[in-house]
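Here is query_11.cif, consisting of mmCIF, C-alpha atoms and all ligand atoms:
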```cif
data_entry
#
loop_
_atom_site.label_atom_id
_atom_site.label_comp_id
_atom_site.auth_asym_id
_atom_site.auth_seq_id
_atom_site.Cartn_x
_atom_site.Cartn_y
_atom_site.Cartn_z
CA MET L 1 -17.32 -8.62 -68.81
CA ALA L 2 -13.77 -8.28 -67.49
CA GLN L 3 -12.27 -4.83 -66.82
CA SER L 4 -10.43 -3.25 -69.71
CA ASN L 5 -6.91 -3.96 -68.41
CA GLN L 6 -7.68 -7.58 -67.68
CA PRO L 7 -7.03 -10.45 -70.10
CA LEU L 8 -9.52 -10.94 -72.89
CA ARG L 9 -10.70 -14.49 -72.35
CA ILE L 10 -11.49 -16.11 -75.69
CA GLY L 11 -14.09 -18.82 -76.19
CA MET L 12 -13.43 -20.33 -79.62
CA ILE L 13 -16.14 -22.36 -81.36
CA GLY L 14 -14.84 -24.47 -84.24
CA THR L 15 -11.46 -26.11 -84.74
CA GLY L 16 -11.05 -26.12 -88.52
CA PHE L 17 -8.96 -23.92 -90.79
CA MET L 18 -10.24 -20.68 -89.24
CA GLY L 19 -10.13 -22.01 -85.68
CA ARG L 20 -6.40 -22.49 -86.28
CA ALA L 21 -5.87 -19.14 -88.03
CA HIS L 22 -7.58 -17.20 -85.23
CA SER L 23 -5.94 -19.19 -82.41
CA ASN L 24 -2.56 -18.51 -83.96
CA ALA L 25 -3.36 -14.79 -84.09
CA TYR L 26 -4.44 -14.65 -80.45
CA ARG L 27 -1.25 -16.39 -79.41
CA LYS L 28 1.08 -14.12 -81.38
CA VAL L 29 -0.45 -10.68 -81.13
CA ALA L 30 0.98 -9.62 -77.76
CA ASN L 31 4.51 -10.59 -78.83
CA PHE L 32 4.46 -7.99 -81.57
CA PHE L 33 1.82 -5.36 -80.74
CA ASP L 34 1.26 -3.32 -77.60
CA CYS L 35 -1.92 -4.88 -76.30
CA PRO L 36 -3.82 -3.12 -73.56
CA ARG L 37 -5.65 -6.37 -72.95
CA GLN L 38 -3.95 -9.65 -73.76
CA PRO L 39 -5.98 -12.47 -75.27
CA VAL L 40 -6.09 -15.68 -73.29
CA LEU L 41 -7.15 -18.95 -74.90
CA GLN L 42 -9.71 -19.81 -72.24
CA ALA L 43 -11.91 -22.47 -73.84
CA VAL L 44 -12.50 -24.12 -77.19
CA CYS L 45 -15.54 -25.99 -78.40
CA ALA L 46 -16.10 -28.67 -81.05
CA ARG L 47 -18.48 -31.61 -81.22
CA SER L 48 -15.90 -34.40 -81.05
CA GLU L 49 -14.47 -34.82 -77.55
CA ASP L 50 -11.27 -36.41 -78.83
CA ALA L 51 -10.68 -33.81 -81.51
CA VAL L 52 -11.39 -30.84 -79.28
CA ARG L 53 -9.17 -32.17 -76.49
CA THR L 54 -6.32 -32.61 -78.96
CA PHE L 55 -6.90 -29.12 -80.38
CA ALA L 56 -6.99 -27.58 -76.89
CA ALA L 57 -3.70 -29.24 -75.98
CA ARG L 58 -2.00 -28.24 -79.22
CA TRP L 59 -2.99 -24.58 -79.06
CA GLY L 60 -2.96 -24.11 -75.29
CA TYR L 61 -6.66 -23.67 -74.51
CA ARG L 62 -7.29 -24.08 -70.79
CA HIS L 63 -10.67 -25.78 -71.13
CA HIS L 64 -12.75 -27.48 -73.76
CA GLU L 65 -16.45 -28.05 -74.38
CA THR L 66 -18.43 -30.14 -76.85
CA ASP L 67 -21.62 -28.03 -76.81
CA TRP L 68 -21.44 -24.39 -77.90
CA ARG L 69 -24.27 -23.49 -75.53
CA ALA L 70 -22.11 -24.68 -72.62
CA LEU L 71 -19.24 -22.54 -73.86
CA ILE L 72 -21.45 -19.45 -74.04
CA ALA L 73 -22.83 -20.17 -70.56
CA ARG L 74 -19.34 -20.05 -69.03
CA ASP L 75 -18.70 -16.96 -66.94
CA ASP L 76 -14.95 -17.10 -67.61
CA ILE L 77 -15.36 -16.13 -71.29
CA ASP L 78 -15.37 -12.51 -72.51
CA ALA L 79 -15.45 -12.99 -76.29
CA VAL L 80 -17.06 -15.75 -78.33
CA ASP L 81 -15.32 -16.40 -81.64
CA ILE L 82 -17.50 -18.23 -84.19
CA CYS L 83 -15.42 -20.35 -86.58
CA THR L 84 -18.08 -22.90 -87.46
CA PRO L 85 -19.89 -23.47 -90.79
CA ASN L 86 -22.22 -20.69 -91.91
CA ASP L 87 -25.48 -22.43 -90.94
CA THR L 88 -24.57 -22.09 -87.25
CA HIS L 89 -23.48 -18.43 -87.23
CA ARG L 90 -26.88 -16.93 -86.50
CA ASP L 91 -27.87 -19.13 -83.56
CA ILE L 92 -24.47 -18.89 -81.88
CA ALA L 93 -24.15 -15.14 -82.40
CA VAL L 94 -27.65 -14.39 -81.14
CA ALA L 95 -27.09 -16.54 -78.02
CA ALA L 96 -23.64 -15.08 -77.37
CA ALA L 97 -24.94 -11.52 -77.65
CA ALA L 98 -27.83 -12.30 -75.31
CA ALA L 99 -25.26 -13.60 -72.80
CA GLY L 100 -23.43 -10.25 -73.01
CA LYS L 101 -20.33 -11.59 -74.76
CA ILE L 102 -18.20 -9.78 -77.32
CA VAL L 103 -19.13 -11.56 -80.57
CA LEU L 104 -16.58 -12.26 -83.30
CA CYS L 105 -17.75 -14.09 -86.40
CA GLU L 106 -15.89 -15.66 -89.30
CA LYS L 107 -17.01 -14.49 -92.75
CA PRO L 108 -19.50 -14.48 -94.33
CA LEU L 109 -21.68 -13.07 -91.56
CA ALA L 110 -24.53 -15.43 -92.41
CA ARG L 111 -26.13 -17.53 -95.15
CA THR L 112 -28.74 -14.90 -95.95
CA VAL L 113 -29.68 -11.27 -95.41
CA ALA L 114 -32.52 -12.39 -93.13
CA GLU L 115 -30.12 -14.28 -90.84
CA GLY L 116 -27.64 -11.42 -90.93
CA ALA L 117 -30.37 -8.96 -89.91
CA GLU L 118 -31.14 -11.06 -86.82
CA MET L 119 -27.46 -11.06 -85.93
CA VAL L 120 -27.07 -7.30 -86.34
CA ALA L 121 -30.18 -6.75 -84.23
CA ALA L 122 -28.92 -9.13 -81.52
CA VAL L 123 -25.50 -7.49 -81.04
CA GLU L 124 -26.91 -3.97 -81.24
CA ARG L 125 -29.74 -4.76 -78.81
CA ALA L 126 -27.24 -6.24 -76.36
CA GLY L 127 -24.78 -3.38 -76.95
CA VAL L 128 -21.85 -5.80 -77.28
CA PRO L 129 -18.74 -5.19 -79.42
CA ASN L 130 -18.81 -7.26 -82.60
CA MET L 131 -16.60 -7.88 -85.61
CA VAL L 132 -16.47 -10.06 -88.73
CA TRP L 133 -13.23 -11.61 -89.94
CA TYR L 134 -12.74 -10.18 -93.42
CA ASN L 135 -9.01 -10.55 -92.96
CA TYR L 136 -7.74 -9.31 -96.33
CA ARG L 137 -8.36 -5.67 -95.34
CA ARG L 138 -5.41 -6.06 -92.99
CA VAL L 139 -2.83 -7.38 -95.41
CA PRO L 140 -0.43 -4.40 -95.27
CA ALA L 141 -0.45 -3.89 -99.06
CA VAL L 142 -4.26 -3.78 -99.06
CA THR L 143 -4.28 -1.34 -96.13
CA LEU L 144 -1.76 0.75 -98.05
CA ALA L 145 -4.11 0.72 -101.06
CA LYS L 146 -6.82 2.11 -98.78
CA GLN L 147 -4.46 4.89 -97.66
CA LEU L 148 -3.62 5.83 -101.26
CA VAL L 149 -7.31 5.87 -102.21
CA ASP L 150 -8.20 7.97 -99.16
CA GLU L 151 -5.41 10.42 -99.99
CA GLY L 152 -7.20 11.01 -103.30
CA ARG L 153 -4.24 9.90 -105.40
CA LEU L 154 -6.40 8.07 -107.93
CA GLY L 155 -8.69 10.99 -108.71
CA LYS L 156 -12.10 10.06 -110.03
CA VAL L 157 -12.43 6.27 -110.09
CA PHE L 158 -13.69 4.67 -113.29
CA HIS L 159 -13.19 0.94 -112.79
CA TYR L 160 -13.01 -1.60 -109.98
CA ARG L 161 -12.06 -5.14 -111.03
CA ALA L 162 -11.84 -8.13 -108.70
CA ARG L 163 -11.36 -11.87 -109.13
CA PHE L 164 -11.04 -14.78 -106.74
CA LEU L 165 -10.05 -17.94 -108.58
CA GLN L 166 -9.55 -21.45 -107.22
CA ASP L 167 -9.54 -24.95 -108.73
CA TRP L 168 -10.15 -27.40 -105.89
CA THR L 169 -13.69 -28.60 -106.74
CA ILE L 170 -13.22 -29.58 -110.38
CA SER L 171 -13.33 -33.34 -109.69
CA ALA L 172 -16.88 -34.69 -109.82
CA ASP L 173 -15.77 -37.32 -107.29
CA LEU L 174 -15.32 -34.72 -104.56
CA PRO L 175 -18.17 -35.23 -102.07
CA GLN L 176 -20.25 -32.47 -100.47
CA GLY L 177 -21.06 -32.03 -96.78
CA GLY L 178 -19.26 -32.72 -93.53
CA ALA L 179 -15.89 -31.54 -92.27
CA ALA L 180 -14.09 -29.16 -94.65
CA LEU L 181 -16.53 -30.00 -97.48
CA TRP L 182 -19.49 -28.16 -95.95
CA ARG L 183 -18.61 -25.32 -98.35
CA LEU L 184 -20.11 -27.46 -101.15
CA ASP L 185 -23.35 -28.12 -99.25
CA VAL L 186 -25.84 -25.31 -99.79
CA ALA L 187 -27.69 -26.05 -96.56
CA ALA L 188 -24.52 -25.43 -94.55
CA ALA L 189 -22.91 -22.72 -96.65
CA GLY L 190 -25.90 -20.78 -98.00
CA SER L 191 -24.18 -20.30 -101.36
CA GLY L 192 -21.00 -21.30 -103.15
CA VAL L 193 -18.31 -18.96 -104.38
CA THR L 194 -20.58 -15.94 -103.90
CA GLY L 195 -20.65 -16.19 -100.09
CA ASP L 196 -17.27 -17.85 -99.70
CA LEU L 197 -14.99 -15.94 -102.08
CA LEU L 198 -16.82 -13.01 -103.67
CA ALA L 199 -17.80 -11.92 -100.16
CA HIS L 200 -14.10 -11.14 -99.61
CA CYS L 201 -13.93 -9.20 -102.89
CA ILE L 202 -17.12 -7.30 -102.04
CA ASP L 203 -15.93 -6.43 -98.53
CA THR L 204 -12.66 -5.02 -99.89
CA ALA L 205 -14.47 -3.19 -102.70
CA LEU L 206 -16.96 -1.53 -100.34
CA TRP L 207 -14.07 -0.46 -98.14
CA LEU L 208 -11.91 0.89 -100.96
CA ASN L 209 -14.49 2.19 -103.40
CA GLY L 210 -17.71 2.78 -101.45
CA GLU L 211 -21.27 1.57 -101.88
CA ILE L 212 -22.50 -0.64 -104.67
CA ASP L 213 -25.90 0.46 -106.02
CA GLU L 214 -26.87 -2.32 -108.40
CA VAL L 215 -25.64 -5.59 -109.86
CA THR L 216 -26.33 -8.06 -112.64
CA ALA L 217 -24.94 -11.56 -112.37
CA MET L 218 -24.59 -15.05 -113.79
CA THR L 219 -23.79 -18.22 -111.91
CA GLU L 220 -23.14 -21.80 -112.91
CA THR L 221 -23.07 -25.14 -111.12
CA PHE L 222 -20.82 -27.31 -113.27
CA VAL L 223 -21.18 -30.53 -111.28
CA LYS L 224 -24.90 -31.02 -110.70
CA GLU L 225 -24.82 -33.96 -108.26
CA ARG L 226 -22.29 -35.08 -105.67
CA HIS L 227 -22.14 -37.77 -103.02
CA HIS L 228 -23.26 -36.23 -99.73
CA ASN L 229 -21.09 -37.25 -96.82
CA LEU L 230 -23.83 -36.74 -94.24
CA THR L 231 -26.76 -38.46 -95.98
CA GLY L 232 -24.66 -41.12 -97.73
CA ARG L 233 -26.63 -40.49 -100.95
CA THR L 234 -25.92 -38.72 -104.22
CA GLU L 235 -27.65 -35.34 -103.85
CA PRO L 236 -28.17 -32.34 -106.12
CA VAL L 237 -25.54 -29.62 -105.71
CA GLY L 238 -27.19 -26.36 -104.64
CA ILE L 239 -24.20 -24.04 -104.58
CA ASP L 240 -22.85 -21.77 -107.31
CA ASP L 241 -19.52 -23.18 -108.53
CA ALA L 242 -18.79 -19.97 -110.44
CA CYS L 243 -20.21 -16.47 -110.41
CA ALA L 244 -19.52 -13.34 -112.41
CA PHE L 245 -21.24 -10.03 -111.89
CA LEU L 246 -21.22 -6.44 -113.04
CA ALA L 247 -21.74 -3.65 -110.54
CA ARG L 248 -22.45 0.06 -110.54
CA PHE L 249 -20.85 1.86 -107.59
CA ALA L 250 -22.42 4.94 -106.02
CA ASN L 251 -19.32 6.96 -107.03
CA GLY L 252 -20.14 6.30 -110.69
CA SER L 253 -17.46 3.67 -111.30
CA LEU L 254 -18.11 0.31 -112.94
CA GLY L 255 -17.24 -2.95 -111.23
CA THR L 256 -16.56 -6.41 -112.63
CA PHE L 257 -16.25 -9.35 -110.26
CA GLU L 258 -15.54 -13.00 -111.01
CA SER L 259 -15.08 -16.05 -108.85
CA THR L 260 -14.84 -19.75 -109.55
CA ARG L 261 -13.47 -22.96 -108.09
CA TYR L 262 -12.91 -24.26 -111.64
CA ALA L 263 -9.95 -22.13 -112.79
CA ARG L 264 -7.39 -24.90 -113.27
CA GLY L 265 -4.00 -23.79 -111.97
CA HIS L 266 -5.25 -21.11 -109.59
CA LYS L 267 -5.34 -21.88 -105.86
CA ALA L 268 -6.34 -18.60 -104.21
CA LEU L 269 -5.84 -15.96 -106.87
CA TYR L 270 -7.58 -13.00 -105.27
CA THR L 271 -6.74 -9.92 -107.31
CA PHE L 272 -8.17 -6.44 -107.53
CA GLU L 273 -7.37 -3.42 -109.67
CA ILE L 274 -8.71 0.11 -109.43
CA ASN L 275 -8.37 2.55 -112.33
CA GLY L 276 -8.70 6.23 -111.59
CA GLU L 277 -8.29 9.42 -113.55
CA HIS L 278 -4.70 9.93 -112.33
CA ALA L 279 -3.55 6.58 -111.04
CA SER L 280 -4.23 2.87 -110.83
CA ILE L 281 -3.65 0.32 -108.07
CA ALA L 282 -3.43 -3.46 -108.32
CA TRP L 283 -2.96 -6.24 -105.77
CA ASP L 284 -2.57 -10.02 -105.97
CA LEU L 285 -2.92 -12.40 -103.01
CA HIS L 286 -0.30 -14.76 -104.46
CA ASP L 287 2.21 -11.92 -104.09
CA LEU L 288 0.51 -10.31 -101.14
CA HIS L 289 3.35 -8.14 -99.82
CA ARG L 290 3.49 -6.11 -103.06
CA LEU L 291 1.22 -3.31 -104.24
CA SER L 292 1.34 -2.24 -107.87
CA TYR L 293 0.85 1.46 -108.52
CA PHE L 294 0.85 3.54 -111.70
CA ASP L 295 0.71 7.33 -111.58
CA HIS L 296 0.16 9.20 -114.82
CA ARG L 297 1.45 12.40 -113.18
CA ASP L 298 4.98 10.96 -113.02
CA ASP L 299 7.49 12.42 -115.42
CA SER L 300 7.08 10.55 -118.70
CA SER L 301 10.70 9.40 -118.69
CA VAL L 302 10.10 7.32 -115.53
CA ARG L 303 6.36 6.72 -115.81
CA GLY L 304 5.33 3.09 -115.44
CA TRP L 305 3.90 0.52 -113.05
CA ARG L 306 5.87 0.38 -109.83
CA SER L 307 5.86 -2.64 -107.60
CA ILE L 308 5.91 -1.41 -104.01
CA HIS L 309 7.46 -3.92 -101.62
CA VAL L 310 5.32 -3.19 -98.58
CA THR L 311 7.85 -3.93 -95.85
CA ASP L 312 9.14 -0.57 -94.62
CA GLY L 313 8.49 0.32 -91.00
CA ASP L 314 6.30 3.30 -91.90
CA MET L 315 3.94 1.12 -93.93
CA PRO L 316 0.74 -0.25 -92.36
CA TYR L 317 1.47 -2.68 -89.50
CA MET L 318 5.06 -3.28 -90.73
CA GLY L 319 6.79 -1.32 -87.98
CA LYS L 320 5.75 -4.11 -85.60
CA TRP L 321 7.46 -6.88 -87.54
CA TRP L 322 10.99 -7.38 -88.85
CA VAL L 323 13.31 -4.98 -90.68
CA PRO L 324 12.63 -3.37 -94.09
CA GLY L 325 12.74 -5.88 -96.92
CA LEU L 326 11.63 -8.87 -94.82
CA GLN L 327 8.07 -9.77 -95.61
CA ILE L 328 5.15 -11.28 -93.74
CA GLY L 329 2.22 -13.36 -95.03
CA TYR L 330 -1.36 -14.59 -94.81
CA GLU L 331 -1.48 -15.47 -91.11
CA HIS L 332 -0.43 -11.94 -90.16
CA SER L 333 -3.64 -10.42 -91.52
CA PHE L 334 -5.41 -12.20 -88.65
CA VAL L 335 -2.83 -11.00 -86.12
CA HIS L 336 -3.48 -7.45 -87.34
CA GLN L 337 -7.21 -7.90 -86.98
CA VAL L 338 -6.79 -9.03 -83.37
CA ALA L 339 -4.45 -6.08 -82.70
CA ASP L 340 -7.06 -3.67 -84.06
CA LEU L 341 -9.80 -5.42 -82.09
CA LEU L 342 -7.85 -5.01 -78.83
CA ASP L 343 -7.15 -1.38 -79.62
CA GLY L 344 -10.82 -0.73 -80.45
CA LEU L 345 -11.99 -2.41 -77.25
CA ASP L 346 -9.52 -0.30 -75.27
CA ARG L 347 -10.77 2.91 -76.86
CA GLY L 348 -14.43 1.85 -76.75
CA GLN L 349 -14.59 2.16 -80.54
CA PRO L 350 -16.18 -0.27 -83.03
CA VAL L 351 -13.75 -2.34 -85.08
CA ALA L 352 -14.59 -2.67 -88.76
CA PRO L 353 -16.05 -4.60 -90.29
CA THR L 354 -18.77 -4.79 -87.65
CA PHE L 355 -21.82 -7.02 -88.10
CA ARG L 356 -23.61 -4.00 -89.56
CA ASP L 357 -20.78 -3.41 -92.07
CA ALA L 358 -20.70 -7.08 -93.03
CA GLN L 359 -24.46 -7.08 -93.51
CA VAL L 360 -23.94 -4.74 -96.49
CA THR L 361 -21.69 -7.38 -98.08
CA GLN L 362 -24.49 -9.85 -97.37
CA GLN L 363 -26.95 -7.61 -99.21
CA VAL L 364 -24.68 -7.40 -102.24
CA CYS L 365 -24.30 -11.22 -102.26
CA GLU L 366 -28.08 -11.61 -102.07
CA ALA L 367 -28.63 -9.16 -104.92
CA VAL L 368 -26.04 -11.06 -107.00
CA LEU L 369 -27.72 -14.42 -106.41
CA ALA L 370 -31.19 -12.98 -107.07
CA SER L 371 -29.97 -11.41 -110.30
CA ALA L 372 -28.39 -14.68 -111.43
CA ALA L 373 -31.73 -16.38 -110.79
CA ASP L 374 -33.95 -13.93 -112.70
CA ARG L 375 -31.34 -12.51 -115.10
CA ARG L 376 -32.19 -8.91 -114.24
CA TRP L 377 -30.36 -5.98 -112.62
CA HIS L 378 -30.97 -5.82 -108.87
CA HIS L 379 -30.62 -2.86 -106.52
CA VAL L 380 -28.58 -3.74 -103.45
CA GLY L 381 -30.91 -4.04 -100.49
CA GLN L 382 -33.99 -5.01 -102.49
CA ASP L 383 -33.67 -8.76 -101.81
CA ALA L 384 -33.90 -10.76 -98.60
CA ARG L 385 -33.95 -14.55 -98.55
C1 LIG K 401 -12.10 -21.45 -99.48
O1 LIG K 401 -11.23 -22.35 -100.07
C2 LIG K 401 -11.35 -20.45 -98.64
O2 LIG K 401 -10.68 -21.13 -97.62
C3 LIG K 401 -12.29 -19.41 -98.04
O3 LIG K 401 -13.25 -20.02 -97.19
C4 LIG K 401 -11.49 -18.35 -97.32
O4 LIG K 401 -12.35 -17.37 -96.78
C5 LIG K 401 -10.50 -17.74 -98.29
O5 LIG K 401 -9.76 -16.75 -97.64
C6 LIG K 401 -9.60 -18.79 -98.87
O6 LIG K 401 -10.39 -19.78 -99.46
#
```
Can you turn what I pasted into structure tokens?
Ligand code: SOE
Amino acid sequence: MAQSNQPLRIGMIGTGFMGRAHSNAYRKVANFFDCPRQPVLQAVCARSEDAVRTFAARWGYRHHETDWRALIARDDIDAVDICTPNDTHRDIAVAAAAAGKIVLCEKPLARTVAEGAEMVAAVERAGVPNMVWYNYRRVPAVTLAKQLVDEGRLGKVFHYRARFLQDWTISADLPQGGAALWRLDVAAAGSGVTGDLLAHCIDTALWLNGEIDEVTAMTETFVKERHHNLTGRTEPVGIDDACAFLARFANGSLGTFESTRYARGHKALYTFEINGEHASIAWDLHDLHRLSYFDHRDDSSVRGWRSIHVTDGDMPYMGKWWVPGLQIGYEHSFVHQVADLLDGLDRGQPVAPTFRDAQVTQQVCEAVLASAADRRWHHVGQDAR
């Protein structure tokens, strides 16, 4: 591994949506944050030679590969960033850890708890830094919510409510499998909205409100068969199109979570609300630079929901951007995650969520899917597929 003041040479695997989001973050971070170690786009890997060459040229990667094993074998790579479909996460992460690389993995960590456990064991055995890209923690308004919770402003928490609503899979003509549509193929994705969308909600919830003890869930697959792009046949759909679950948190609060790709009119409506004894907090991804806050201790003449425009320089991450009042967006959550990664590497500290942190989200997802299957309450940690 390179010395701590030397560039951090990135080996990116995958050139889809997340390959772009992460590459963009690596390129921008040093322009805005003080980076002890600057990321360098050293090599990128994807199966298609033409596509990966084009991607490398567009984003400024120095080299490209078409076999992830060849990328991991390179001695000019410090960190391997896994942006491929979920069914490849385990094998790539285990190999990258064994090669002594820093391992960064797009969410969800894995398809199953069993795969996630192998990944946690691999990075911990190798003693390599590791991190999972649950980016919404680093939207400044969400980070501010964490600060307010940690300051104890809410008092005892009673309710945690989260939703992640989309509408892009309603058409029965949409195929499953292959580029971009692997999310509909259970073999590649492991699950549907539970692993893809609720995993975000669960990660944020664990961070803001602590451990989840038990869950009870229902799922539905509205379109039962879809053309499969890889087999060329009509195949059963194995993913959950929608999932709703109830949760009991260790702090005594009650959670309700819902996700679907069948909520006509909603594109990425991730919302959460926390209701405490003294105060409530609410956030909405469609209006991501605002945090709603209600404090019952305010004088009654001015008491009400306030909408905090999270752009002042003393708010999380915002001092590094523009001037108060000018907002940032989705892509910046990834820039912040890279900034925190570089800081953590410099200080020799883990950067959350680590593989071990993300494995807890995996356990909640597994308990949710198991509960939907047998229609019973499940303790988190009791199931492993
Ligand atoms: C699915 O449409 C998706 O792109 C997820 O895979 C992402 O994790 C989420 O942030 C937005 O929606």
Closest-contact table, chain L side, partner ligand LIG 401 (chain K), 7 Å, counting all atoms listed in the file, as JSON lines:
```
{"residue": "L:Lys107", "atom": "CA", "partner": "K:LIG401", "partner_atom": "O4", "distance": 6.8}
{"residue": "L:Asp196", "atom": "CA", "partner": "K:LIG401", "partner_atom": "O3", "distance": 5.2}
{"residue": "L:Leu197", "atom": "CA", "partner": "K:LIG401", "partner_atom": "C3", "distance": 6.0}
{"residue": "L:Ala268", "atom": "CA", "partner": "K:LIG401", "partner_atom": "C6", "distance": 6.3}
```
Could you save the residues just selected, with C-alpha atoms, as a short mmCIF file (atom, residue, chain, number, x, y, z; two decimals), in the coordinates of the input?
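Wrote it out as part.cif, contents follow:
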```
data_model
loop_
_atom_site.label_atom_id
_atom_site.label_comp_id
_atom_site.auth_asym_id
_atom_site.auth_seq_id
_atom_site.Cartn_x
_atom_site.Cartn_y
_atom_site.Cartn_z
CA LYS L 107 -17.01 -14.49 -92.75
CA ASP L 196 -17.27 -17.85 -99.70
CA LEU L 197 -14.99 -15.94 -102.08
CA ALA L 268 -6.34 -18.60 -104.21
#
```
Find the residue from L:Ile77, L:Val113, L:Leu184, L:Leu8 that sits nearest to Gly100 (chain L); use all atoms listed in the file when measuring.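 The shortest atom-to-atom distance to Gly100 (chain L) comes from L:Ile77.
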Distance table requested - region 8-122 of chain L against region 323-334 of chain L, cut-off 12 Å, all atoms listed in the file: one row per qualifying residue with the closest atom pair and its distance in Å to one decimal, ordered by chain and rising residue number, as CSV.
```
residue,atom,partner,partner_atom,distance
L:Phe17,CA,L:Glu331,CA,11.3
L:Met18,CA,L:Phe334,CA,9.8
L:Gly19,CA,L:Phe334,CA,11.3
L:Arg20,CA,L:Glu331,CA,9.8
L:Ala21,CA,L:Glu331,CA,6.5
L:His22,CA,L:Phe334,CA,6.4
L:Ser23,CA,L:Phe334,CA,9.4
L:Asn24,CA,L:Glu331,CA,7.8
L:Ala25,CA,L:Phe334,CA,5.6
L:Tyr26,CA,L:Phe334,CA,8.6
L:Arg27,CA,L:Phe334,CA,11.0
L:Lys28,CA,L:His332,CA,9.2
L:Val29,CA,L:His332,CA,9.1
L:Phe32,CA,L:His332,CA,10.6
L:Phe33,CA,L:His332,CA,11.7
L:Glu106,CA,L:Phe334,CA,11.1
```
Which residues of region 109-204 of chain L come within 8 Å of region 223-245 of chain L, and for each one, what is the closest pair of atoms and their distance in Å to one decimal, counting only C-alpha atoms, sorted by chain and residue number, as a Markdown table?
```
| residue | atom | partner | partner_atom | distance |
| --- | --- | --- | --- | --- |
| L:Ala172 | CA | L:Val223 | CA | 6.2 |
| L:Asp173 | CA | L:Arg226 | CA | 7.1 |
| L:Leu174 | CA | L:Arg226 | CA | 7.1 |
| L:Pro175 | CA | L:His227 | CA | 4.8 |
| L:Gln176 | CA | L:His228 | CA | 4.9 |
| L:Gly177 | CA | L:Asn229 | CA | 5.2 |
| L:Gly178 | CA | L:Asn229 | CA | 5.9 |
| L:Leu184 | CA | L:Ile239 | CA | 6.3 |
| L:Asp185 | CA | L:Ile239 | CA | 6.8 |
| L:Val186 | CA | L:Gly238 | CA | 5.1 |
| L:Gly190 | CA | L:Ile239 | CA | 7.5 |
| L:Ser191 | CA | L:Ile239 | CA | 4.9 |
| L:Gly192 | CA | L:Ile239 | CA | 4.4 |
| L:Val193 | CA | L:Asp241 | CA | 6.0 |
| L:Thr194 | CA | L:Cys243 | CA | 6.5 |
```
Expected file: the selected residues, C-alpha atoms, as an mmCIF file, keeping the file's coordinate frame:
```cif
data_model
loop_
_atom_site.group_PDB
_atom_site.id
_atom_site.type_symbol
_atom_site.label_atom_id
_atom_site.label_comp_id
_atom_site.auth_asym_id
_atom_site.auth_seq_id
_atom_site.Cartn_x
_atom_site.Cartn_y
_atom_site.Cartn_z
ATOM 1 C CA ALA L 172 -16.880 -34.690 -109.820
ATOM 2 C CA ASP L 173 -15.770 -37.320 -107.290
ATOM 3 C CA LEU L 174 -15.320 -34.720 -104.560
ATOM 4 C CA PRO L 175 -18.170 -35.230 -102.070
ATOM 5 C CA GLN L 176 -20.250 -32.470 -100.470
ATOM 6 C CA GLY L 177 -21.060 -32.030 -96.780
ATOM 7 C CA GLY L 178 -19.260 -32.720 -93.530
ATOM 8 C CA LEU L 184 -20.110 -27.460 -101.150
ATOM 9 C CA ASP L 185 -23.350 -28.120 -99.250
ATOM 10 C CA VAL L 186 -25.840 -25.310 -99.790
ATOM 11 C CA GLY L 190 -25.900 -20.780 -98.000
ATOM 12 C CA SER L 191 -24.180 -20.300 -101.360
ATOM 13 C CA GLY L 192 -21.000 -21.300 -103.150
ATOM 14 C CA VAL L 193 -18.310 -18.960 -104.380
ATOM 15 C CA THR L 194 -20.580 -15.940 -103.900
#
```
If we count all atoms listed in the file and set the cut-off at 7 Å, which residues sit around Gly255 (chain L), ignoring sequence neighbours fewer than 3 positions away in its own chain? Please answer as a PyMOL selection string. chain L and resi 159-161+246-248
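Between CA of Ala110 (chain L) and CA of Thr15 (chain L) the separation is 18.5 Å.
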May I have the residues within 9 Å of Arg376 (chain L) as number ranges by chain, using all atoms listed in the file and disregarding those fewer than 3 positions away in the same chain? L: 215-217, 370-373
May I ask which of the residues L:Ala180, L:Ala367, L:Val351, L:Met12 is the closest one to Met218 (chain L), counting only C-alpha atoms? L:Ala367
Skip region 62-73 of chain L itself and residues of its chain fewer than 5 positions away, then list as a list in words all residues within 8 Å of it, counting only C-alpha atoms.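 Result of the neighbour search: Gly11, Ile13, Leu41, Gln42, Ala43, Val44, Cys45, Ala46, Arg47, Ser48, Glu49, Val52, Arg53, Ala56, Val80, Ile92, Ala95, Ala96, Ala99 and Lys101 of chain L.
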Sorted by chain and rising residue number, list the residues of region 86-205 of chain L at most 7 Å from region 356-363 of chain L (counting only C-alpha atoms), each with its closest atom pair and distance in Å to one decimal, as a tab-separated table.
```
residue	atom	partner	partner_atom	distance
L:Leu109	CA	L:Ala358	CA	6.2
L:Thr112	CA	L:Gln362	CA	6.8
L:Val113	CA	L:Gln362	CA	5.7
L:Gly116	CA	L:Gln359	CA	6.0
L:Val120	CA	L:Arg356	CA	5.8
L:Val132	CA	L:Ala358	CA	6.7
L:Ala199	CA	L:Thr361	CA	6.3
L:Ile202	CA	L:Thr361	CA	6.0
L:Asp203	CA	L:Thr361	CA	5.9
```
Could you take the residues named above and write them with C-alpha atoms, as a PDB file, keeping the file's coordinate frame?
```pdb
ATOM      1  CA  LEU L 109     -21.680 -13.070 -91.560  1.00  0.00           C
ATOM      2  CA  THR L 112     -28.740 -14.900 -95.950  1.00  0.00           C
ATOM      3  CA  VAL L 113     -29.680 -11.270 -95.410  1.00  0.00           C
ATOM      4  CA  GLY L 116     -27.640 -11.420 -90.930  1.00  0.00           C
ATOM      5  CA  VAL L 120     -27.070  -7.300 -86.340  1.00  0.00           C
ATOM      6  CA  VAL L 132     -16.470 -10.060 -88.730  1.00  0.00           C
ATOM      7  CA  ALA L 199     -17.800 -11.920-100.160  1.00  0.00           C
ATOM      8  CA  ILE L 202     -17.120  -7.300-102.040  1.00  0.00           C
ATOM      9  CA  ASP L 203     -15.930  -6.430 -98.530  1.00  0.00           C
TER      10      ASP L 203
END
```
